[in-house]
file run_17.cif (mmCIF, C-alpha atoms)
data_final
loop_
_atom_site.label_atom_id
_atom_site.label_comp_id
_atom_site.auth_asym_id
_atom_site.auth_seq_id
_atom_site.Cartn_x
_atom_site.Cartn_y
_atom_site.Cartn_z
CA MET A 1 15.22 -92.98 -21.55
CA LYS A 2 16.83 -90.87 -18.81
CA LYS A 3 19.31 -89.54 -21.33
CA SER A 4 16.43 -88.56 -23.60
CA ILE A 5 14.61 -86.71 -20.84
CA SER A 6 17.80 -84.91 -19.79
CA PHE A 7 18.46 -83.90 -23.38
CA VAL A 8 14.94 -82.55 -23.84
CA LEU A 9 15.12 -80.58 -20.57
CA GLY A 10 18.53 -79.23 -21.50
CA VAL A 11 17.33 -78.07 -24.89
CA ALA A 12 14.26 -76.52 -23.29
CA MET A 13 16.33 -74.60 -20.71
CA LEU A 14 18.70 -73.49 -23.40
CA ALA A 15 15.78 -72.28 -25.47
CA LEU A 16 14.33 -70.40 -22.48
CA GLY A 17 17.75 -68.91 -21.74
CA PHE A 18 18.04 -67.64 -25.30
CA ALA A 19 14.49 -66.39 -25.23
CA PHE A 20 14.96 -64.27 -22.05
CA ALA A 21 18.38 -63.11 -23.20
CA SER A 22 17.07 -61.80 -26.51
CA PRO A 23 16.64 -57.99 -27.04
CA ALA A 24 12.88 -58.41 -27.35
CA TYR A 25 12.67 -59.22 -23.66
CA ALA A 26 15.36 -56.90 -22.30
CA GLN A 27 14.24 -54.78 -19.32
CA SER A 28 15.89 -51.54 -20.56
CA VAL A 29 14.68 -48.07 -19.52
CA PRO A 30 15.01 -44.85 -21.51
CA ALA A 31 17.80 -42.37 -20.79
CA GLY A 32 16.99 -40.26 -17.77
CA CYS A 33 14.97 -43.03 -16.15
CA THR A 34 15.97 -45.24 -13.24
CA SER A 35 12.95 -47.51 -13.53
CA THR A 36 9.88 -47.98 -15.68
CA ALA A 37 7.90 -45.65 -13.48
CA GLY A 38 7.52 -41.95 -14.15
CA TYR A 39 9.17 -39.95 -16.89
CA SER A 40 12.70 -39.31 -18.14
CA THR A 41 14.37 -36.28 -16.58
CA THR A 42 16.30 -35.64 -19.79
CA THR A 43 13.75 -36.28 -22.53
CA GLY A 44 10.38 -36.28 -20.82
CA VAL A 45 9.50 -39.61 -22.39
CA SER A 46 7.50 -42.05 -20.32
CA CYS A 47 9.88 -44.45 -18.59
CA ASN A 48 7.63 -47.41 -19.27
CA GLY A 49 8.38 -47.11 -22.96
CA THR A 50 4.81 -46.55 -24.01
CA ALA A 51 5.21 -42.95 -25.13
CA THR A 52 4.26 -42.25 -28.68
CA ILE A 53 5.66 -39.49 -30.79
CA PRO A 54 2.89 -37.02 -31.63
CA ALA A 55 2.44 -35.68 -35.15
CA GLY A 56 4.63 -32.60 -35.60
CA CYS A 57 7.40 -34.06 -33.45
CA THR A 58 10.45 -35.97 -34.55
CA SER A 59 11.22 -37.30 -31.08
CA THR A 60 9.75 -37.20 -27.60
CA ALA A 61 11.94 -34.24 -26.65
CA GLY A 62 11.10 -30.58 -27.09
CA PHE A 63 7.89 -29.15 -28.43
CA ASN A 64 5.66 -29.67 -31.39
CA THR A 65 6.70 -27.13 -34.00
CA ALA A 66 3.12 -26.85 -35.24
CA THR A 67 1.14 -26.69 -32.01
CA GLY A 68 3.71 -25.91 -29.31
CA ALA A 69 2.55 -28.91 -27.30
CA PRO A 70 5.26 -30.91 -25.54
CA CYS A 71 6.43 -33.84 -27.64
CA ASN A 72 6.59 -36.11 -24.62
CA GLY A 73 2.88 -36.76 -24.93
CA ASN A 74 1.69 -34.32 -22.34
CA THR A 75 -0.48 -31.58 -23.65
CA LEU A 76 -1.14 -28.14 -22.29
CA ILE A 77 -4.51 -26.53 -22.65
CA THR A 78 -5.28 -22.88 -22.67
CA ASN A 79 -7.89 -21.29 -20.47
CA GLY A 80 -8.11 -17.55 -20.83
CA GLY A 81 -4.54 -17.40 -22.08
CA VAL A 82 -3.16 -19.37 -19.14
CA LEU A 83 -1.48 -22.69 -19.73
CA PHE A 84 -2.37 -25.61 -17.52
CA PRO A 85 -1.06 -29.17 -17.47
CA VAL A 86 -2.88 -31.92 -19.28
CA GLY A 87 -5.89 -33.05 -17.31
CA CYS A 88 -6.33 -29.65 -15.66
CA VAL A 89 -8.68 -26.79 -16.46
CA ASN A 90 -7.38 -24.45 -13.76
CA SER A 91 -4.55 -24.28 -11.26
CA TYR A 92 -6.40 -26.09 -8.49
CA GLY A 93 -6.43 -29.77 -7.67
CA TYR A 94 -4.66 -32.49 -9.63
CA SER A 95 -4.53 -33.65 -13.23
CA THR A 96 -7.19 -36.18 -14.11
CA VAL A 97 -4.66 -37.75 -16.47
CA ASN A 98 -1.43 -38.10 -14.53
CA GLN A 99 -2.29 -36.82 -11.03
CA ALA A 100 0.29 -34.05 -11.25
CA PRO A 101 -0.64 -30.97 -9.19
CA CYS A 102 -2.45 -28.55 -11.48
CA ASN A 103 -0.61 -25.64 -9.92
CA GLY A 104 2.61 -27.24 -11.07
CA ALA A 105 4.30 -26.26 -7.86
CA THR A 106 6.76 -28.03 -5.67
CA GLY A 107 8.52 -25.07 -4.14
CA ILE A 108 9.96 -21.66 -4.66
CA GLY A 109 12.59 -21.48 -7.34
CA PRO A 110 15.82 -19.50 -7.47
CA ASN A 111 14.12 -16.19 -8.19
CA GLY A 112 11.81 -16.47 -5.22
CA VAL A 113 8.64 -16.27 -7.29
CA GLN A 114 8.91 -18.81 -10.09
CA TYR A 115 7.37 -22.11 -9.21
CA PHE A 116 8.41 -25.19 -11.10
CA PRO A 117 6.37 -28.20 -12.06
CA SER A 118 6.32 -31.04 -9.61
CA GLY A 119 9.58 -32.94 -9.74
CA CYS A 120 11.59 -29.97 -11.02
CA THR A 121 14.03 -27.85 -9.08
CA VAL A 122 15.50 -25.94 -12.01
CA ALA A 123 14.07 -24.62 -15.27
CA THR A 124 15.80 -27.19 -17.47
CA GLY A 125 14.93 -30.75 -18.34
CA TYR A 126 11.67 -32.50 -17.58
CA SER A 127 9.73 -33.43 -14.50
CA PRO A 128 10.33 -37.05 -13.47
CA ILE A 129 6.82 -37.01 -12.03
CA SER A 130 4.70 -35.65 -14.83
CA GLY A 131 7.07 -35.45 -17.79
CA MET A 132 6.34 -31.76 -18.16
CA SER A 133 9.08 -29.51 -19.43
CA CYS A 134 10.53 -27.74 -16.39
CA ASN A 135 10.88 -24.40 -18.18
CA THR A 136 7.25 -23.93 -19.11
CA PHE A 137 5.58 -23.17 -15.86
CA SER A 138 4.98 -20.36 -13.49
CA THR A 139 1.86 -20.33 -11.42
CA THR A 140 1.99 -16.79 -10.19
CA ALA A 141 -1.35 -15.21 -11.02
CA THR A 142 -1.48 -11.75 -12.51
CA ILE A 143 -4.78 -9.96 -12.04
CA GLY A 144 -4.81 -6.37 -13.16
CA SER A 145 -1.63 -4.73 -11.85
CA TRP A 146 -1.21 -7.26 -9.06
CA THR A 147 0.91 -10.39 -9.21
CA TYR A 148 -0.10 -12.90 -6.59
CA LEU A 149 1.85 -15.81 -5.23
CA PRO A 150 1.02 -19.30 -6.45
CA GLY A 151 -2.01 -20.54 -4.60
CA CYS A 152 -3.31 -17.02 -4.00
CA SER A 153 -5.97 -15.10 -5.86
CA SER A 154 -5.88 -12.01 -3.66
CA ASN A 155 -3.47 -10.43 -1.20
CA THR A 156 -5.27 -11.75 1.84
CA GLY A 157 -5.04 -15.12 3.53
CA PHE A 158 -2.44 -17.76 2.80
CA SER A 159 -1.29 -19.67 -0.24
CA THR A 160 -2.96 -23.02 -0.72
CA VAL A 161 0.29 -24.18 -2.30
CA SER A 162 3.03 -23.09 0.07
CA GLY A 163 1.28 -21.65 3.10
CA GLN A 164 2.99 -18.31 2.54
CA ALA A 165 1.09 -15.15 3.39
CA CYS A 166 -0.59 -13.92 0.23
CA SER A 167 0.15 -10.34 1.27
CA ALA A 168 3.55 -10.62 -0.41
CA ALA A 169 1.81 -9.82 -3.69
CA THR A 170 3.52 -7.15 -5.74
CA TYR A 171 1.96 -4.16 -7.46
CA SER A 172 3.26 -3.12 -10.85
CA GLY A 173 0.80 -0.38 -11.75
CA ALA A 174 1.30 3.36 -11.71
CA VAL A 175 2.33 4.76 -8.36
CA THR A 176 -0.79 6.40 -7.05
CA PRO A 177 -0.48 5.78 -3.34
CA THR A 178 -3.39 7.92 -2.32
CA PRO A 179 -6.06 9.81 -4.18
CA THR A 180 -5.70 13.52 -4.61
CA PRO A 181 -7.08 14.91 -1.37
CA THR A 182 -9.68 17.58 -0.97
CA LEU A 183 -8.55 20.89 0.47
CA PRO A 184 -7.64 20.97 4.15
CA ASP A 185 -9.76 22.49 6.86
CA THR A 186 -7.47 25.19 8.20
CA GLY A 187 -9.99 27.43 9.93
CA THR A 188 -11.39 26.42 13.27
CA GLY A 189 -12.97 29.69 14.35
CA THR A 190 -16.46 28.92 13.04
CA ASN A 191 -17.92 29.16 16.50
CA ALA A 192 -15.43 31.64 17.89
CA PRO A 193 -18.08 33.99 19.34
CA LEU A 194 -19.71 31.07 21.16
CA ALA A 195 -16.36 29.83 22.45
CA ILE A 196 -15.43 33.32 23.67
CA MET A 197 -18.80 33.65 25.41
CA GLY A 198 -18.23 30.27 27.01
CA LEU A 199 -14.85 31.33 28.33
CA LEU A 200 -16.23 34.65 29.63
CA LEU A 201 -19.08 32.81 31.33
CA ALA A 202 -16.65 30.37 32.90
CA ALA A 203 -14.43 33.19 34.10
CA GLY A 204 -17.42 35.11 35.49
CA VAL A 205 -18.80 32.13 37.38
CA ALA A 206 -15.40 31.23 38.81
CA ALA A 207 -14.70 34.86 39.77
CA TYR A 208 -18.09 35.23 41.44
CA GLY A 209 -17.53 32.07 43.42
CA ALA A 210 -14.08 33.28 44.48
CA VAL A 211 -15.45 36.63 45.64
CA VAL A 212 -18.22 34.98 47.66
CA VAL A 213 -15.76 32.58 49.26
CA ALA A 214 -13.45 35.48 50.17
CA ARG A 215 -16.28 37.47 51.74
CA ARG A 216 -17.61 34.56 53.78
CA VAL A 217 -14.17 33.58 54.99
CA ARG A 218 -13.54 37.19 56.10
CA ALA A 219 -16.92 37.35 57.79
CA MET M 1 -19.75 23.37 60.28
CA LYS M 2 -21.92 26.36 59.39
CA LYS M 3 -18.91 28.16 57.87
CA THR M 4 -18.11 25.14 55.73
CA LYS M 5 -21.70 25.01 54.56
CA ASN M 6 -21.58 28.74 53.67
CA ILE M 7 -18.62 28.38 51.30
CA PHE M 8 -19.67 25.08 49.71
CA PHE M 9 -21.86 26.67 47.04
CA PRO M 10 -19.36 29.35 45.93
CA ILE M 11 -16.58 26.73 45.76
CA LEU M 12 -18.90 24.67 43.58
CA LEU M 13 -19.23 27.73 41.31
CA ILE M 14 -15.44 28.04 41.06
CA VAL M 15 -15.10 24.36 40.16
CA PHE M 16 -17.88 24.66 37.59
CA GLY M 17 -16.27 27.75 36.05
CA LEU M 18 -12.85 26.09 35.77
CA GLY M 19 -14.42 22.93 34.30
CA LEU M 20 -16.26 24.96 31.69
CA ALA M 21 -13.09 26.85 30.80
CA ILE M 22 -11.14 23.61 30.39
CA THR M 23 -13.89 22.15 28.19
CA VAL M 24 -13.94 25.20 25.93
CA LEU M 25 -10.14 25.33 25.64
CA SER M 26 -9.91 21.62 24.88
CA GLN M 27 -12.25 22.17 21.94
CA VAL M 28 -10.22 25.19 20.84
CA TYR M 29 -7.06 23.15 20.43
CA ALA M 30 -8.64 19.89 19.25
CA THR M 31 -7.76 18.99 15.66
CA ASP M 32 -8.30 15.87 13.61
CA HIS M 33 -5.15 14.42 12.07
CA VAL M 34 -6.12 10.80 11.71
CA GLU M 35 -4.46 9.55 8.57
CA VAL M 36 -5.15 6.81 6.07
CA VAL M 37 -2.00 5.01 5.04
CA GLY M 38 -2.29 3.43 1.62
CA GLY M 39 1.12 1.96 0.92
CA ASP M 40 4.72 2.69 0.29
CA SER M 41 4.72 5.52 -2.22
CA ALA M 42 8.50 5.34 -2.62
CA SER M 43 8.65 1.79 -3.90
CA GLY M 44 5.17 1.51 -5.31
CA VAL M 45 4.83 -1.80 -3.51
CA TYR M 46 1.66 -2.34 -1.58
CA THR M 47 0.82 -4.92 0.98
CA ALA M 48 -2.46 -5.88 2.54
CA GLN M 49 -1.17 -4.88 5.93
CA ALA M 50 -0.49 -1.37 4.74
CA ALA M 51 -4.10 -0.74 3.89
CA VAL M 52 -5.02 0.20 7.39
CA ILE M 53 -6.17 3.32 9.09
CA LYS M 54 -3.91 4.42 11.84
CA LYS M 55 -3.40 7.42 13.99
CA THR M 56 0.06 8.79 13.56
CA ALA M 57 2.06 11.10 15.69
CA VAL M 58 2.89 14.22 13.74
CA GLU M 59 6.59 14.93 13.87
CA VAL M 60 8.49 17.94 12.68
CA SER M 61 11.89 17.33 11.14
CA PRO M 62 14.56 19.60 12.67
CA ASN M 63 15.61 21.14 9.34
CA PHE M 64 12.27 21.17 7.56
CA LYS M 65 10.88 24.71 7.73
CA LEU M 66 9.07 27.44 5.85
CA GLU M 67 10.16 31.07 5.87
CA ILE M 68 8.25 34.03 4.44
CA PRO M 69 10.15 37.19 5.41
CA LYS M 70 7.41 39.63 4.45
CA ILE M 71 4.98 38.31 7.09
CA LYS M 72 7.78 37.36 9.51
CA LEU M 73 6.84 33.70 9.27
CA ASN M 74 9.32 31.03 10.33
CA ALA M 75 7.50 27.75 10.93
CA GLY M 76 8.42 24.10 11.27
CA ILE M 77 6.94 21.81 8.64
CA ALA M 78 5.24 18.58 9.70
CA ASP M 79 4.56 15.66 7.34
CA VAL M 80 0.82 15.19 6.99
CA GLY M 81 -1.35 12.81 5.01
CA LEU M 82 -5.09 12.42 4.74
CA THR M 83 -7.90 12.68 7.23
CA ARG M 84 -10.52 9.99 7.44
CA SER M 85 -12.83 12.04 5.21
CA GLY M 86 -10.21 12.41 2.47
CA GLU M 87 -9.05 15.93 3.20
CA MET M 88 -5.40 16.85 3.35
CA ALA M 89 -4.57 16.76 7.05
CA VAL M 90 -3.14 19.70 8.97
CA PRO M 91 -0.75 19.61 11.92
CA PRO M 92 -2.30 19.74 15.38
CA ARG M 93 -0.06 22.61 16.46
CA LEU M 94 -1.28 25.97 15.23
CA ALA M 95 2.30 27.24 14.91
CA HIS M 96 3.28 24.50 12.45
CA VAL M 97 2.47 24.07 8.80
CA GLY M 98 1.91 20.69 7.16
CA TRP M 99 3.42 19.29 3.96
CA TYR M 100 1.34 16.74 2.03
CA LYS M 101 3.74 13.82 2.28
CA TYR M 102 2.16 11.75 -0.52
CA GLY M 103 2.78 14.54 -3.00
CA THR M 104 5.80 16.33 -4.41
CA VAL M 105 8.81 17.01 -2.20
CA PRO M 106 9.54 20.76 -1.97
CA GLY M 107 12.22 21.70 -4.49
CA GLU M 108 11.44 18.83 -6.87
CA THR M 109 9.45 19.13 -10.09
CA GLY M 110 5.76 19.30 -9.34
CA SER M 111 3.63 21.05 -6.79
CA ALA M 112 4.56 20.59 -3.15
CA VAL M 113 1.55 21.49 -1.05
CA ILE M 114 1.90 23.08 2.37
CA ALA M 115 -1.13 23.99 4.48
CA GLY M 116 -1.42 25.93 7.70
CA HIS M 117 -4.13 27.07 10.08
CA TYR M 118 -5.68 30.47 9.59
CA ASP M 119 -6.96 30.81 13.16
CA ASN M 120 -7.93 28.84 16.22
CA ALA M 121 -11.37 28.15 17.64
CA LEU M 122 -11.38 31.50 19.39
CA GLY M 123 -10.68 33.24 16.12
CA LEU M 124 -7.17 34.17 17.22
CA PRO M 125 -4.45 34.25 14.51
CA ALA M 126 -2.60 31.05 13.60
CA VAL M 127 0.47 30.50 11.42
CA PHE M 128 -1.06 31.46 8.03
CA TYR M 129 -3.25 34.30 9.30
CA LYS M 130 -1.38 36.85 7.21
CA LEU M 131 -0.91 34.71 4.10
CA GLY M 132 -3.45 36.82 2.24
CA THR M 133 -1.23 39.89 2.55
CA LEU M 134 1.41 38.41 0.24
CA GLU M 135 1.84 39.82 -3.24
CA ILE M 136 3.20 38.55 -6.54
CA GLY M 137 7.00 38.51 -6.37
CA ASP M 138 7.30 38.02 -2.60
CA ASP M 139 9.95 35.58 -1.43
CA VAL M 140 9.21 32.18 0.05
CA TYR M 141 11.93 29.84 1.34
CA VAL M 142 11.66 26.17 2.14
CA THR M 143 14.50 24.43 3.93
CA THR M 144 14.30 20.76 3.00
CA LYS M 145 14.93 17.85 5.35
CA ASP M 146 18.52 17.58 4.16
CA GLY M 147 19.13 21.23 5.02
CA THR M 148 18.97 22.68 1.49
CA LYS M 149 17.32 26.10 1.37
CA VAL M 150 15.15 26.46 -1.74
CA HIS M 151 14.06 29.90 -2.91
CA PHE M 152 10.60 30.48 -4.41
CA LYS M 153 8.78 33.60 -5.55
CA VAL M 154 5.02 34.09 -5.39
CA THR M 155 3.54 33.91 -8.90
CA GLU M 156 -0.18 33.43 -8.32
CA MET M 157 -2.80 33.90 -5.62
CA HIS M 158 -6.29 32.46 -5.95
CA THR M 159 -9.25 32.02 -3.67
CA TYR M 160 -11.33 28.94 -4.45
CA ASP M 161 -14.60 27.60 -3.21
CA VAL M 162 -13.89 24.38 -1.31
CA THR M 163 -16.27 22.35 -3.44
CA SER M 164 -15.04 23.58 -6.82
CA ALA M 165 -11.30 24.06 -6.35
CA PRO M 166 -9.11 22.62 -9.16
CA LEU M 167 -7.58 19.86 -7.03
CA ASP M 168 -5.54 18.32 -9.81
CA GLU M 169 -3.95 21.66 -10.64
CA ILE M 170 -3.18 22.28 -6.98
CA PHE M 171 -1.78 18.88 -6.06
CA ASN M 172 -0.50 17.46 -9.36
CA ASP M 173 0.88 20.39 -11.34
CA GLU M 174 3.98 19.01 -13.10
CA THR M 175 4.64 22.03 -15.33
CA GLY M 176 7.26 23.49 -13.02
CA THR M 177 8.71 23.44 -9.53
CA TYR M 178 6.15 24.95 -7.21
CA VAL M 179 5.22 25.20 -3.60
CA LYS M 180 1.51 25.79 -3.01
CA LEU M 181 0.51 27.36 0.30
CA ILE M 182 -3.05 26.80 1.44
CA THR M 183 -5.11 28.31 4.20
CA CYS M 184 -8.71 29.25 4.88
CA SER M 185 -10.39 32.39 3.74
CA ARG M 186 -12.79 33.63 6.41
CA SER M 187 -16.01 35.59 6.06
CA TRP M 188 -18.82 36.52 8.49
CA ASN M 189 -22.26 35.38 7.41
CA GLY M 190 -24.19 37.16 10.15
CA THR M 191 -24.29 34.32 12.65
CA GLU M 192 -20.90 32.63 12.41
CA PHE M 193 -17.60 32.69 10.56
CA ALA M 194 -17.73 30.77 7.30
CA TYR M 195 -14.64 28.92 6.00
CA ASN M 196 -15.97 27.63 2.71
CA LYS M 197 -13.17 29.16 0.64
CA ARG M 198 -9.45 28.48 0.50
CA LEU M 199 -6.62 30.80 -0.38
CA VAL M 200 -3.99 29.09 -2.54
CA VAL M 201 -0.70 30.93 -2.96
CA THR M 202 1.54 29.53 -5.71
CA ALA M 203 5.27 30.21 -5.53
CA GLU M 204 7.67 29.05 -8.25
CA ARG M 205 11.28 28.04 -7.69
CA VAL M 206 13.75 30.76 -8.60
#
call {"tool": "encode", "arguments": {"input": "run_17.cif", "output": "structure tokens"}}
result
Amino acid sequence: MKKSISFVLGVAMLALGFAFASPAYAQSVPAGCTSTAGYSTTTGVSCNGTATIPAGCTSTAGFNTATGAPCNGNTLITNGGVLFPVGCVNSYGYSTVNQAPCNGATGIGPNGVQYFPSGCTVATGYSPISGMSCNTFSTTATIGSWTYLPGCSSNTGFSTVSGQACSAATYSGAVTPTPTPTLPDTGTGTNAPLAIMGLLLAAGVAAYGAVVVARRVRA
Amino acid sequence: MKKTKNIFFPILLIVFGLGLAITVLSQVYATDHVEVVGGDSASGVYTAQAAVIKKTAVEVSPNFKLEIPKIKLNAGIADVGLTRSGEMAVPPRLAHVGWYKYGTVPGETGSAVIAGHYDNALGLPAVFYKLGTLEIGDDVYVTTKDGTKVHFKVTEMHTYDVTSAPLDEIFNDETGTYVKLITCSRSWNGTEFAYNKRLVVTAERV
């Protein structure tokens, strides 16, 4: 009886061992991932293996040749010609889909102006945080001839992204530093007769006083 | 005590007379040269901090000067900008002329504008008092800040009403290399001197 029980348990353990050792249960993660969390830094695919390949893509890397959307499953929407991450309608706040910052910023890039998506430090590869392609984003805002820093919509105050002074905005329009002036006022003698009379009066009063003083001192 | 009382009133008259004289003279030499600074015209880069109004000290560069031999004029040139009301500023010293620093540099293509006082508040002559006596063909020399002496010859003389002067033609003429000299044109209207016209002398680089 004991032998039978031992045999059954042995077979069961062997079966379980085979079951957990089979490829169907392997805990593998995609290239560019260190765990099942986040996204691959090399392909942008979700590290939990649930990414699907959108129509128009042959893999999860690159962009959809028909729509230009990233093949990693993230989508960008347009709003007045500006691209924002999936789940965002402007550059403020966070994505309602993946919680990535909608301004895409984590810090100033090599050129001092370009901001990269969260999780990126260079313009190649994909963000391990949001899966966004690192070369698709700049959050500097251009309004008219002015280019403002990320997190700024004017040249006053401070960036809501980096805390930098927004006054570092650059102007790219025509150089018209000041308007054409009106003609200068180069004549100041409008009231010259009055001024001359004033001086003569002053001289007369002072001279009279001096004469009176001299007389009274002598007397 | 009685003697002191006797001279108190006349001394008061002397003090009053001197005070009045000082007041009149201070008005005679008072000029407005408050400037609006709009940005860095050289780089074309503007900052919020630059959009401020500030009072600047007017300085005259050692080399920068205007010479007009015919009227024996040899004057230092000060850099001037705009007054608060949008007029081209003029230097506070009646013996200096002012170059509009946001415009063309003398000797470069465009119209460099230089203005000078016609008279002071007593009606006495200032640096450009005799500008109206120039004629077409007269020589004008501007020594630039780097010491280069540029020769111009008078080509045009116009008197404009202040309110209808062709400002763009005066300040932004890019058809040649000009220096435009501006001063007031005075007339007596029966009660006071009127300065509602400006004499603009155009000299072209030789």
call {"tool": "closest_residue", "arguments": {"input": "run_17.cif", "among": "M:Ile22, M:Val90, M:Ile170, M:Met157", "to": "Gly137 of chain M", "atoms": "only C-alpha atoms"}}
result
M:Met157
call {"tool": "residues_around", "arguments": {"input": "run_17.cif", "residues": "Ile7 of chain M", "least_positions_apart": "5", "cutoff": "9 Å", "atoms": "only C-alpha atoms", "output": "VMD selection string"}}
result
(chain A and resid 209 212 to 214 216 to 217) or (chain M and resid 2 12)
call {"tool": "write_last_selection", "arguments": {"input": "run_17.cif", "atoms": "C-alpha atoms", "output": "short mmCIF file (atom, residue, chain, number, x, y, z; two decimals), in the coordinates of the input"}}
result
data_model
loop_
_atom_site.label_atom_id
_atom_site.label_comp_id
_atom_site.auth_asym_id
_atom_site.auth_seq_id
_atom_site.Cartn_x
_atom_site.Cartn_y
_atom_site.Cartn_z
CA GLY A 209 -17.53 32.07 43.42
CA VAL A 212 -18.22 34.98 47.66
CA VAL A 213 -15.76 32.58 49.26
CA ALA A 214 -13.45 35.48 50.17
CA ARG A 216 -17.61 34.56 53.78
CA VAL A 217 -14.17 33.58 54.99
CA LYS M 2 -21.92 26.36 59.39
CA LEU M 12 -18.90 24.67 43.58
#
call {"tool": "resolve_selection", "arguments": {"input": "run_17.cif", "expression": "the PyMOL selection byres ((chain M and resi 131) around 12)", "output": "PyMOL selection string"}}
result
chain M and resi 67-73+115-119+125-130+132-135+138+140+154+157-159+180-185+198-202
call {"tool": "write_last_selection", "arguments": {"input": "run_17.cif", "atoms": "C-alpha atoms", "output": "mmCIF file, keeping the file's coordinate frame"}}
result
data_model
loop_
_atom_site.group_PDB
_atom_site.id
_atom_site.type_symbol
_atom_site.label_atom_id
_atom_site.label_comp_id
_atom_site.auth_asym_id
_atom_site.auth_seq_id
_atom_site.Cartn_x
_atom_site.Cartn_y
_atom_site.Cartn_z
ATOM 1 C CA GLU M 67 10.160 31.070 5.870
ATOM 2 C CA ILE M 68 8.250 34.030 4.440
ATOM 3 C CA PRO M 69 10.150 37.190 5.410
ATOM 4 C CA LYS M 70 7.410 39.630 4.450
ATOM 5 C CA ILE M 71 4.980 38.310 7.090
ATOM 6 C CA LYS M 72 7.780 37.360 9.510
ATOM 7 C CA LEU M 73 6.840 33.700 9.270
ATOM 8 C CA ALA M 115 -1.130 23.990 4.480
ATOM 9 C CA GLY M 116 -1.420 25.930 7.700
ATOM 10 C CA HIS M 117 -4.130 27.070 10.080
ATOM 11 C CA TYR M 118 -5.680 30.470 9.590
ATOM 12 C CA ASP M 119 -6.960 30.810 13.160
ATOM 13 C CA PRO M 125 -4.450 34.250 14.510
ATOM 14 C CA ALA M 126 -2.600 31.050 13.600
ATOM 15 C CA VAL M 127 0.470 30.500 11.420
ATOM 16 C CA PHE M 128 -1.060 31.460 8.030
ATOM 17 C CA TYR M 129 -3.250 34.300 9.300
ATOM 18 C CA LYS M 130 -1.380 36.850 7.210
ATOM 19 C CA GLY M 132 -3.450 36.820 2.240
ATOM 20 C CA THR M 133 -1.230 39.890 2.550
ATOM 21 C CA LEU M 134 1.410 38.410 0.240
ATOM 22 C CA GLU M 135 1.840 39.820 -3.240
ATOM 23 C CA ASP M 138 7.300 38.020 -2.600
ATOM 24 C CA VAL M 140 9.210 32.180 0.050
ATOM 25 C CA VAL M 154 5.020 34.090 -5.390
ATOM 26 C CA MET M 157 -2.800 33.900 -5.620
ATOM 27 C CA HIS M 158 -6.290 32.460 -5.950
ATOM 28 C CA THR M 159 -9.250 32.020 -3.670
ATOM 29 C CA LYS M 180 1.510 25.790 -3.010
ATOM 30 C CA LEU M 181 0.510 27.360 0.300
ATOM 31 C CA ILE M 182 -3.050 26.800 1.440
ATOM 32 C CA THR M 183 -5.110 28.310 4.200
ATOM 33 C CA CYS M 184 -8.710 29.250 4.880
ATOM 34 C CA SER M 185 -10.390 32.390 3.740
ATOM 35 C CA ARG M 198 -9.450 28.480 0.500
ATOM 36 C CA LEU M 199 -6.620 30.800 -0.380
ATOM 37 C CA VAL M 200 -3.990 29.090 -2.540
ATOM 38 C CA VAL M 201 -0.700 30.930 -2.960
ATOM 39 C CA THR M 202 1.540 29.530 -5.710
#
call {"tool": "atom_distance", "arguments": {"input": "run_17.cif", "atom1": "atom CA of Ala78 of chain M", "atom2": "atom CA of His96 of chain M"}}
result
6.8 Å
call {"tool": "residues_around", "arguments": {"input": "run_17.cif", "residues": "Ala21 of chain M", "least_positions_apart": "6", "cutoff": "10 Å", "atoms": "only C-alpha atoms", "output": "list in words"}}
result
Ala195, Ile196, Gly198, Leu199, Leu200, Leu201, Ala202, Ala203 and Ala206 of chain A; Val15 of chain M
call {"tool": "atom_distance", "arguments": {"input": "run_17.cif", "atom1": "atom CA of Val162 of chain M", "atom2": "atom CA of Val142 of chain M"}}
result
25.8 Å
call {"tool": "atom_distance", "arguments": {"input": "run_17.cif", "atom1": "atom CA of Arg186 of chain M", "atom2": "atom CA of Ala192 of chain A"}}
result
11.9 Å
call {"tool": "resolve_selection", "arguments": {"input": "run_17.cif", "expression": "the PyMOL selection byres ((chain A and resi 193) around 12)", "output": "mmCIF file with C-alpha atoms, in the coordinates of the input"}}
result
data_model
loop_
_atom_site.group_PDB
_atom_site.id
_atom_site.type_symbol
_atom_site.label_atom_id
_atom_site.label_comp_id
_atom_site.auth_asym_id
_atom_site.auth_seq_id
_atom_site.Cartn_x
_atom_site.Cartn_y
_atom_site.Cartn_z
ATOM 1 C CA THR A 188 -11.390 26.420 13.270
ATOM 2 C CA GLY A 189 -12.970 29.690 14.350
ATOM 3 C CA THR A 190 -16.460 28.920 13.040
ATOM 4 C CA ASN A 191 -17.920 29.160 16.500
ATOM 5 C CA ALA A 192 -15.430 31.640 17.890
ATOM 6 C CA LEU A 194 -19.710 31.070 21.160
ATOM 7 C CA ALA A 195 -16.360 29.830 22.450
ATOM 8 C CA ILE A 196 -15.430 33.320 23.670
ATOM 9 C CA MET A 197 -18.800 33.650 25.410
ATOM 10 C CA GLY A 198 -18.230 30.270 27.010
ATOM 11 C CA LEU A 199 -14.850 31.330 28.330
ATOM 12 C CA LEU A 200 -16.230 34.650 29.630
ATOM 13 C CA VAL M 24 -13.940 25.200 25.930
ATOM 14 C CA VAL M 28 -10.220 25.190 20.840
ATOM 15 C CA ASN M 120 -7.930 28.840 16.220
ATOM 16 C CA ALA M 121 -11.370 28.150 17.640
ATOM 17 C CA LEU M 122 -11.380 31.500 19.390
ATOM 18 C CA GLY M 123 -10.680 33.240 16.120
ATOM 19 C CA LEU M 124 -7.170 34.170 17.220
ATOM 20 C CA TRP M 188 -18.820 36.520 8.490
ATOM 21 C CA GLY M 190 -24.190 37.160 10.150
ATOM 22 C CA THR M 191 -24.290 34.320 12.650
ATOM 23 C CA GLU M 192 -20.900 32.630 12.410
ATOM 24 C CA PHE M 193 -17.600 32.690 10.560
#
